[in-house]
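Student: I have a structure I would like to understand better, so I am pasting it below and will then ask my questions one at a time.
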Amino acid sequence: MKSFASDNYSGIHPEILQAIIGANRDHQISYGDDDYTEKVNRNFQKIFGDVMVLYTFNGTGANVTCLKCCTLPFQSAVCSEHAHILVDECGAPTQSIGCTLLPIKTPDGKLTPEMVKPLLNRVGNVHNTQPKVISISQTTELGTVYSLSELTKLCAFAHENDLYVHMDGARISNAVASLGIGLKQATVDCGVDIMSFGGTKNGLMIGEAVLIFNDELKANAPYFHKQTAQLFSKNRFIAVQFEALLNNDLWLRMADHSNKMAKLLASEVVKIPEVKITQQVDANSLFVIVPEQVLVPLRALYPFYEWDAQTHEQRWMCSFDTTEDDVYEFVKSLKKLVSNKM
Ligand SMILES: Cc1ncc(COP(=O)(O)O)c(C=O)c1O
């Protein structure tokens with residue numbers, strides 16, 4: 001089966017799988033004190049500077065660990081109405097941390113200082129949860145990417161108001177590939193305090209890395225990491241995947257490829273008048289509205305998800321292993337169905 005459903009429908013990149021096999025020998029100290037983890041931590045430090053790295057099983061776990069580091073139970077995280085932490089984590093952050101999520105309406109998945117400002121009116125009022133962190137996703141859930149200046153402005157605003165910035169970086173590689181700048185420049189240099197560095201959406205079998213830049217958040221982080229059940233005894237097998245991902249910029253090559261496939265898909269789809277692209281195509285996904293009758297037969301050929309049941313907006317997502325042929329075949333089927341059904 002080939003699909004445009006999610007970038008986690010794909011398998012494992014061969015270089016990543018090889019790295020796991022390569023680490024499968026001898027005994028190593030458990031819980032992240034092994035040679036492999038230390039090596040990749042040093043590589044993260046070469047890229048990002050002074051960073052604490054903690055590995056998690058998945059993106060939800062990374063987000064929960066990050067938010068736990070940033071908030072006390074009476075505090076809140078400001079996020080977009082589309083945020084994965086709000087919509088797609090079964091309430092994990094609020095359930096396991098106790099913090100509240102304060103959603104903001106946003107047409108393109110991005111937050112601005114102007115949107116956040118009204119939520120700060122009741123800071124100091126004992127009857128209200130106290131905003132302590134702005135949580136953003138880069139790439140956003142709508143496939144858009146914050147520009148460097150948008151991100152820098154938002155981080156500056158956060159810090160002026162005693163808020164941390166958490167970046168859900170499940171697709172940070174796609175965002176950085178799209179921006180055409182360095183990882184450090186796109187994150188910590190903009191003012192991000194804590195983030196997840198996505199793995200499974202970009203060729204890993206399992207795992208994400210939590211990167212903590214702000215010293216205030218580092219002291220308690222290892223305890224929160226354990227409390228949120230994200231500390232893996234055999235951590236070397238998560239860490240070696242990141243070693244392979246960082247090696248020779250594999251992360252960038254894969255993300256750049258999936259972004260290019262989404263752009264190719266957009267350039268083909270735009271030629272079909274019955275199909276409307278609803279969001280800017282900044283990274284590896286396309287949001288579209290297509291004639292309703294084609295949905296069932298098209299989905300039977302290539303699975304994909306409906307994003308909005310009311311507007312029938314669909315999400316088509318490309319992966320590191322999406323090929324040009326996949327795109328052309330998909331568009332051919334779409335065109336055929338559209339012309340048959342209209
Ligand atoms: C923006 C974003 N954040 C986090 C995640 C984490 O997902 P998981 O817990 O399934 O690894 C996802 C997965 O779809 C996502 O799209």
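Residues are referred to by chain and number: the chain letter is A, B, ... according to the order shown in the structure tokens, the number counts from 1 in that chain, and ligands are numbered separately from 1 in the order shown.
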For ligand 1, collect every residue having any atom at a distance of at most 6 Å from a ligand atom (counting only C-alpha atoms and all ligand atoms); output as a list in words.

Tutor: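 With only C-alpha atoms and all ligand atoms and a cut-off of 6 Å, ligand 1 is contacted by Asn58, Gly59, Thr60, His84, Ser137, Glu141, Asp168 and Ala170 of chain A.
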
Student: Write out as an NGL selection string the residues lying within 8 Å of stretch 65-72 of chain A, counting only C-alpha atoms and excluding same-chain residues fewer than 6 positions away.

Tutor: :A and (93 or 97-99 or 132-133 or 164 or 166 or 194-196 or 210 or 217 or 220-221 or 224-225 or 228 or 230)

Student: With N, CA and C atoms retained, write the just-selected residues as a short mmCIF file (atom, residue, chain, number, x, y, z; two decimals), in the first residue's frame.

Tutor:
data_model
loop_
_atom_site.label_atom_id
_atom_site.label_comp_id
_atom_site.auth_asym_id
_atom_site.auth_seq_id
_atom_site.Cartn_x
_atom_site.Cartn_y
_atom_site.Cartn_z
N PRO A 93 -1.55 15.85 27.94
CA PRO A 93 -0.88 16.91 28.71
C PRO A 93 -1.69 17.33 29.94
N ILE A 97 -0.23 16.15 33.48
CA ILE A 97 0.54 17.25 34.09
C ILE A 97 -0.34 18.07 35.03
N GLY A 98 -1.61 18.24 34.60
CA GLY A 98 -2.50 19.07 35.41
C GLY A 98 -2.60 20.48 34.87
N CYS A 99 -1.75 20.84 33.93
CA CYS A 99 -1.83 22.20 33.37
C CYS A 99 -3.06 22.30 32.47
N LYS A 132 1.92 30.15 31.22
CA LYS A 132 3.36 30.07 31.49
C LYS A 132 4.16 29.69 30.26
N VAL A 133 3.48 29.20 29.24
CA VAL A 133 4.22 28.77 28.04
C VAL A 133 3.36 28.97 26.80
N TYR A 164 7.50 30.84 28.64
CA TYR A 164 8.45 30.03 27.87
C TYR A 164 7.87 29.79 26.48
N HIS A 166 7.57 26.65 23.91
CA HIS A 166 7.74 25.22 23.59
C HIS A 166 7.45 25.03 22.11
N ILE A 194 12.45 25.19 24.67
CA ILE A 194 12.41 23.73 24.77
C ILE A 194 11.66 23.21 23.55
N MET A 195 12.09 22.08 23.03
CA MET A 195 11.43 21.58 21.82
C MET A 195 11.57 20.07 21.70
N SER A 196 10.74 19.52 20.82
CA SER A 196 10.96 18.13 20.43
C SER A 196 11.56 18.14 19.03
N VAL A 210 13.93 15.32 23.00
CA VAL A 210 13.57 16.59 23.63
C VAL A 210 14.87 17.39 23.79
N LEU A 217 15.07 25.32 32.84
CA LEU A 217 14.24 24.13 32.66
C LEU A 217 15.03 22.83 32.81
N ASN A 220 15.16 20.12 36.67
CA ASN A 220 14.14 19.14 37.01
C ASN A 220 13.82 18.17 35.87
N ALA A 221 14.30 18.52 34.66
CA ALA A 221 13.87 17.78 33.47
C ALA A 221 14.11 16.27 33.54
N PHE A 224 11.29 14.75 35.55
CA PHE A 224 10.01 14.79 34.82
C PHE A 224 10.00 13.77 33.69
N HIS A 225 11.14 13.62 33.05
CA HIS A 225 11.29 12.66 31.96
C HIS A 225 10.95 11.26 32.46
N THR A 228 7.17 10.97 33.49
CA THR A 228 6.23 10.89 32.37
C THR A 228 6.43 9.58 31.59
N GLN A 230 8.92 8.23 30.05
CA GLN A 230 9.57 8.31 28.74
C GLN A 230 11.04 7.90 28.76
#

Student: Report, in Å to a single decimal, how far apart atom CA of A:Val275 and atom CA of A:Val290 are.

Tutor: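 Interatomic distance, atom CA of A:Val290 to atom CA of A:Val275: 4.7 Å.
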
Student: Skipping near chain neighbours, those fewer than 5 positions away, what residues fall within 12 Å of A:Asn43 using only C-alpha atoms, listed as a list in words?

Tutor: Tyr36, Thr37, Glu38, Phe48, Gly49, Asp50, Val51, Met52, Val53, Ala239, Val240, Phe242, Glu243, Ala244, Leu245, Leu246, Asn247, Asn248 and Asp249 of chain A

Student: Give me a file of those residues, with N, CA and C atoms, as a PDB file, in the first residue's frame.

Tutor:
ATOM      1  N   TYR A  36      26.621   5.106  22.964  1.00  0.00           N
ATOM      2  CA  TYR A  36      25.907   5.594  21.780  1.00  0.00           C
ATOM      3  C   TYR A  36      25.157   6.891  22.098  1.00  0.00           C
ATOM      4  N   THR A  37      24.489   6.894  23.245  1.00  0.00           N
ATOM      5  CA  THR A  37      23.718   8.086  23.615  1.00  0.00           C
ATOM      6  C   THR A  37      24.655   9.263  23.848  1.00  0.00           C
ATOM      7  N   GLU A  38      25.777   8.984  24.509  1.00  0.00           N
ATOM      8  CA  GLU A  38      26.716  10.093  24.765  1.00  0.00           C
ATOM      9  C   GLU A  38      27.229  10.693  23.464  1.00  0.00           C
ATOM     10  N   PHE A  48      23.571  22.500  18.205  1.00  0.00           N
ATOM     11  CA  PHE A  48      22.717  23.474  18.906  1.00  0.00           C
ATOM     12  C   PHE A  48      23.434  24.255  19.999  1.00  0.00           C
ATOM     13  N   GLY A  49      24.675  23.884  20.322  1.00  0.00           N
ATOM     14  CA  GLY A  49      25.353  24.550  21.449  1.00  0.00           C
ATOM     15  C   GLY A  49      24.991  23.848  22.750  1.00  0.00           C
ATOM     16  N   ASP A  50      24.777  24.657  23.797  1.00  0.00           N
ATOM     17  CA  ASP A  50      24.561  24.114  25.135  1.00  0.00           C
ATOM     18  C   ASP A  50      23.120  23.573  25.265  1.00  0.00           C
ATOM     19  N   VAL A  51      22.953  22.291  25.038  1.00  0.00           N
ATOM     20  CA  VAL A  51      21.592  21.723  25.041  1.00  0.00           C
ATOM     21  C   VAL A  51      21.560  20.442  25.877  1.00  0.00           C
ATOM     22  N   MET A  52      20.476  20.287  26.640  1.00  0.00           N
ATOM     23  CA  MET A  52      20.242  19.005  27.323  1.00  0.00           C
ATOM     24  C   MET A  52      19.348  18.167  26.410  1.00  0.00           C
ATOM     25  N   VAL A  53      19.710  16.903  26.222  1.00  0.00           N
ATOM     26  CA  VAL A  53      18.938  16.039  25.314  1.00  0.00           C
ATOM     27  C   VAL A  53      18.328  14.882  26.102  1.00  0.00           C
ATOM     28  N   ALA A 239      18.775   6.373  20.532  1.00  0.00           N
ATOM     29  CA  ALA A 239      19.840   7.343  20.268  1.00  0.00           C
ATOM     30  C   ALA A 239      20.564   7.070  18.944  1.00  0.00           C
ATOM     31  N   VAL A 240      20.877   5.803  18.653  1.00  0.00           N
ATOM     32  CA  VAL A 240      21.628   5.534  17.411  1.00  0.00           C
ATOM     33  C   VAL A 240      20.853   5.954  16.176  1.00  0.00           C
ATOM     34  N   PHE A 242      19.099   8.649  15.963  1.00  0.00           N
ATOM     35  CA  PHE A 242      19.383  10.082  15.795  1.00  0.00           C
ATOM     36  C   PHE A 242      20.813  10.304  15.298  1.00  0.00           C
ATOM     37  N   GLU A 243      21.725   9.418  15.712  1.00  0.00           N
ATOM     38  CA  GLU A 243      23.094   9.483  15.194  1.00  0.00           C
ATOM     39  C   GLU A 243      23.056   9.377  13.663  1.00  0.00           C
ATOM     40  N   ALA A 244      22.297   8.374  13.184  1.00  0.00           N
ATOM     41  CA  ALA A 244      22.192   8.184  11.733  1.00  0.00           C
ATOM     42  C   ALA A 244      21.446   9.350  11.077  1.00  0.00           C
ATOM     43  N   LEU A 245      20.443   9.882  11.766  1.00  0.00           N
ATOM     44  CA  LEU A 245      19.639  10.980  11.212  1.00  0.00           C
ATOM     45  C   LEU A 245      20.483  12.252  11.032  1.00  0.00           C
ATOM     46  N   LEU A 246      21.358  12.505  12.017  1.00  0.00           N
ATOM     47  CA  LEU A 246      22.184  13.717  11.949  1.00  0.00           C
ATOM     48  C   LEU A 246      23.371  13.532  11.002  1.00  0.00           C
ATOM     49  N   ASN A 247      23.767  12.263  10.824  1.00  0.00           N
ATOM     50  CA  ASN A 247      24.940  11.963  10.004  1.00  0.00           C
ATOM     51  C   ASN A 247      24.688  12.364   8.544  1.00  0.00           C
ATOM     52  N   ASN A 248      25.634  13.096   7.979  1.00  0.00           N
ATOM     53  CA  ASN A 248      25.521  13.546   6.577  1.00  0.00           C
ATOM     54  C   ASN A 248      24.180  14.197   6.261  1.00  0.00           C
ATOM     55  N   ASP A 249      23.612  14.859   7.255  1.00  0.00           N
ATOM     56  CA  ASP A 249      22.348  15.585   7.033  1.00  0.00           C
ATOM     57  C   ASP A 249      21.226  14.719   6.459  1.00  0.00           C
TER      58      ASP A 249
END

Student: Within stretch 183-317 of chain A, find each residue whose DSSP state, derived from the backbone, is strand (DSSP E), and express the selection as a list in words.

Tutor: Ile194, Met195, Ser196, Phe197, Glu208, Ala209, Val210, Leu211, Ile212, Lys276, Ile277, Ser285, Leu286, Phe287, Val288, Ile289, Tyr305, Glu306, Trp307, Asp308, Glu313, Gln314, Arg315, Trp316 and Met317 of chain A

Student: With N, CA and C atoms kept, could you save the residues just selected as a compact mmCIF listing (two decimals), in the first residue's frame?

Tutor:
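The result, stored in again.txt:
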# COMPACT_ATOMS: atom_id res chain seq x y z
N ILE A 194 12.45 25.19 24.67
CA ILE A 194 12.41 23.73 24.77
C ILE A 194 11.66 23.21 23.55
N MET A 195 12.09 22.08 23.03
CA MET A 195 11.43 21.58 21.82
C MET A 195 11.57 20.07 21.70
N SER A 196 10.74 19.52 20.82
CA SER A 196 10.96 18.13 20.43
C SER A 196 11.56 18.14 19.03
N PHE A 197 12.46 17.21 18.81
CA PHE A 197 13.07 17.05 17.48
C PHE A 197 12.52 15.74 16.94
N GLU A 208 11.66 10.31 19.64
CA GLU A 208 11.85 11.75 19.40
C GLU A 208 12.90 12.21 20.42
N ALA A 209 13.50 13.35 20.15
CA ALA A 209 14.46 13.88 21.12
C ALA A 209 13.91 15.19 21.68
N VAL A 210 13.93 15.32 23.00
CA VAL A 210 13.57 16.59 23.63
C VAL A 210 14.87 17.39 23.79
N LEU A 211 14.86 18.61 23.29
CA LEU A 211 16.05 19.47 23.37
C LEU A 211 15.71 20.64 24.29
N ILE A 212 16.50 20.79 25.34
CA ILE A 212 16.22 21.87 26.31
C ILE A 212 17.36 22.88 26.26
N LYS A 276 -9.60 22.48 -4.73
CA LYS A 276 -9.15 23.76 -4.16
C LYS A 276 -8.09 23.50 -3.08
N ILE A 277 -6.94 24.12 -3.22
CA ILE A 277 -5.90 24.01 -2.18
C ILE A 277 -6.21 25.07 -1.12
N SER A 285 2.90 18.70 3.37
CA SER A 285 1.48 18.33 3.29
C SER A 285 0.68 19.32 2.46
N LEU A 286 -0.44 18.83 2.00
CA LEU A 286 -1.35 19.62 1.18
C LEU A 286 -2.73 19.52 1.82
N PHE A 287 -3.42 20.64 1.94
CA PHE A 287 -4.80 20.64 2.43
C PHE A 287 -5.69 21.05 1.28
N VAL A 288 -6.71 20.25 1.03
CA VAL A 288 -7.51 20.46 -0.19
C VAL A 288 -8.99 20.19 0.07
N ILE A 289 -9.80 20.81 -0.78
CA ILE A 289 -11.20 20.41 -0.83
C ILE A 289 -11.44 19.85 -2.23
N TYR A 305 -6.46 11.13 5.13
CA TYR A 305 -7.41 11.50 6.19
C TYR A 305 -8.23 12.74 5.82
N GLU A 306 -9.47 12.73 6.33
CA GLU A 306 -10.28 13.95 6.26
C GLU A 306 -9.85 14.82 7.44
N TRP A 307 -9.51 16.06 7.16
CA TRP A 307 -9.04 16.95 8.22
C TRP A 307 -10.20 17.60 8.94
N ASP A 308 -11.21 18.03 8.15
CA ASP A 308 -12.34 18.75 8.73
C ASP A 308 -13.64 18.16 8.20
N GLU A 313 -12.50 19.23 4.20
CA GLU A 313 -11.10 19.51 3.85
C GLU A 313 -10.29 18.24 4.12
N GLN A 314 -9.45 17.89 3.15
CA GLN A 314 -8.64 16.67 3.24
C GLN A 314 -7.17 17.03 3.45
N ARG A 315 -6.45 16.10 4.08
CA ARG A 315 -4.99 16.31 4.22
C ARG A 315 -4.26 15.23 3.43
N TRP A 316 -3.35 15.66 2.57
CA TRP A 316 -2.50 14.72 1.83
C TRP A 316 -1.06 14.96 2.27
N MET A 317 -0.47 13.92 2.78
CA MET A 317 0.85 14.07 3.40
C MET A 317 1.89 13.23 2.64

Student: From stretch 35-70 of chain A, collect each residue whose DSSP state is alpha helix (DSSP H) and return the set as a list in words.

Tutor: Asp35, Tyr36, Thr37, Glu38, Lys39, Val40, Asn41, Arg42, Asn43, Phe44, Gln45, Lys46, Ile47, Phe48, Gly59, Thr60, Gly61, Ala62, Asn63, Val64, Thr65, Cys66, Leu67, Lys68, Cys69 and Cys70 of chain A

Student: Let's have the selection written as an mmCIF file, in the first residue's frame, with C-alpha atoms.

Tutor:
data_model
loop_
_atom_site.group_PDB
_atom_site.id
_atom_site.type_symbol
_atom_site.label_atom_id
_atom_site.label_comp_id
_atom_site.auth_asym_id
_atom_site.auth_seq_id
_atom_site.Cartn_x
_atom_site.Cartn_y
_atom_site.Cartn_z
ATOM 1 C CA ASP A 35 28.361 5.217 24.677
ATOM 2 C CA TYR A 36 25.907 5.594 21.780
ATOM 3 C CA THR A 37 23.718 8.086 23.615
ATOM 4 C CA GLU A 38 26.716 10.093 24.765
ATOM 5 C CA LYS A 39 27.998 10.300 21.201
ATOM 6 C CA VAL A 40 24.748 11.551 19.729
ATOM 7 C CA ASN A 41 24.301 13.992 22.627
ATOM 8 C CA ARG A 42 27.669 15.473 21.655
ATOM 9 C CA ASN A 43 26.485 15.717 18.056
ATOM 10 C CA PHE A 44 23.353 17.567 19.148
ATOM 11 C CA GLN A 45 25.607 19.892 21.171
ATOM 12 C CA LYS A 46 27.788 20.538 18.118
ATOM 13 C CA ILE A 47 24.683 21.624 16.218
ATOM 14 C CA PHE A 48 22.717 23.474 18.906
ATOM 15 C CA GLY A 59 5.802 12.744 19.949
ATOM 16 C CA THR A 60 3.023 12.785 22.505
ATOM 17 C CA GLY A 61 5.520 11.714 25.171
ATOM 18 C CA ALA A 62 7.923 14.433 24.069
ATOM 19 C CA ASN A 63 5.211 17.082 24.288
ATOM 20 C CA VAL A 64 4.100 15.892 27.718
ATOM 21 C CA THR A 65 7.689 15.907 29.000
ATOM 22 C CA CYS A 66 8.285 19.401 27.577
ATOM 23 C CA LEU A 67 5.095 20.860 29.040
ATOM 24 C CA LYS A 68 5.767 19.191 32.369
ATOM 25 C CA CYS A 69 9.128 20.972 32.449
ATOM 26 C CA CYS A 70 7.438 24.325 31.757
#

Student: Give me the residues within 8 Å of stretch 258-260 of chain A as a PyMOL selection string, counting only C-alpha atoms and dropping any in the same chain fewer than 6 places off.

Tutor: chain A and resi 174+177-178+282-285+318-322

Student: Hey, what's within 8 Å of stretch 182-191 of chain A if we count only C-alpha atoms and toss same-chain stuff fewer than 4 positions away? As number ranges by chain, please?

Tutor: A: 47-48, 148, 151-152, 155-156, 165, 176, 213

Student: Between A:Ala77, A:Met205, A:Val281, A:Ile104, which has the minimum distance to A:Gly11 (counting only C-alpha atoms)?

Tutor: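 The answer is A:Met205, which sits nearest to A:Gly11.
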
Student: I'd like the interatomic distance between atom CA of A:Phe157 and atom CA of A:Lys218, to a tenth of an Å.

Tutor: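 Atom CA of A:Lys218 lies 22.0 Å from atom CA of A:Phe157.
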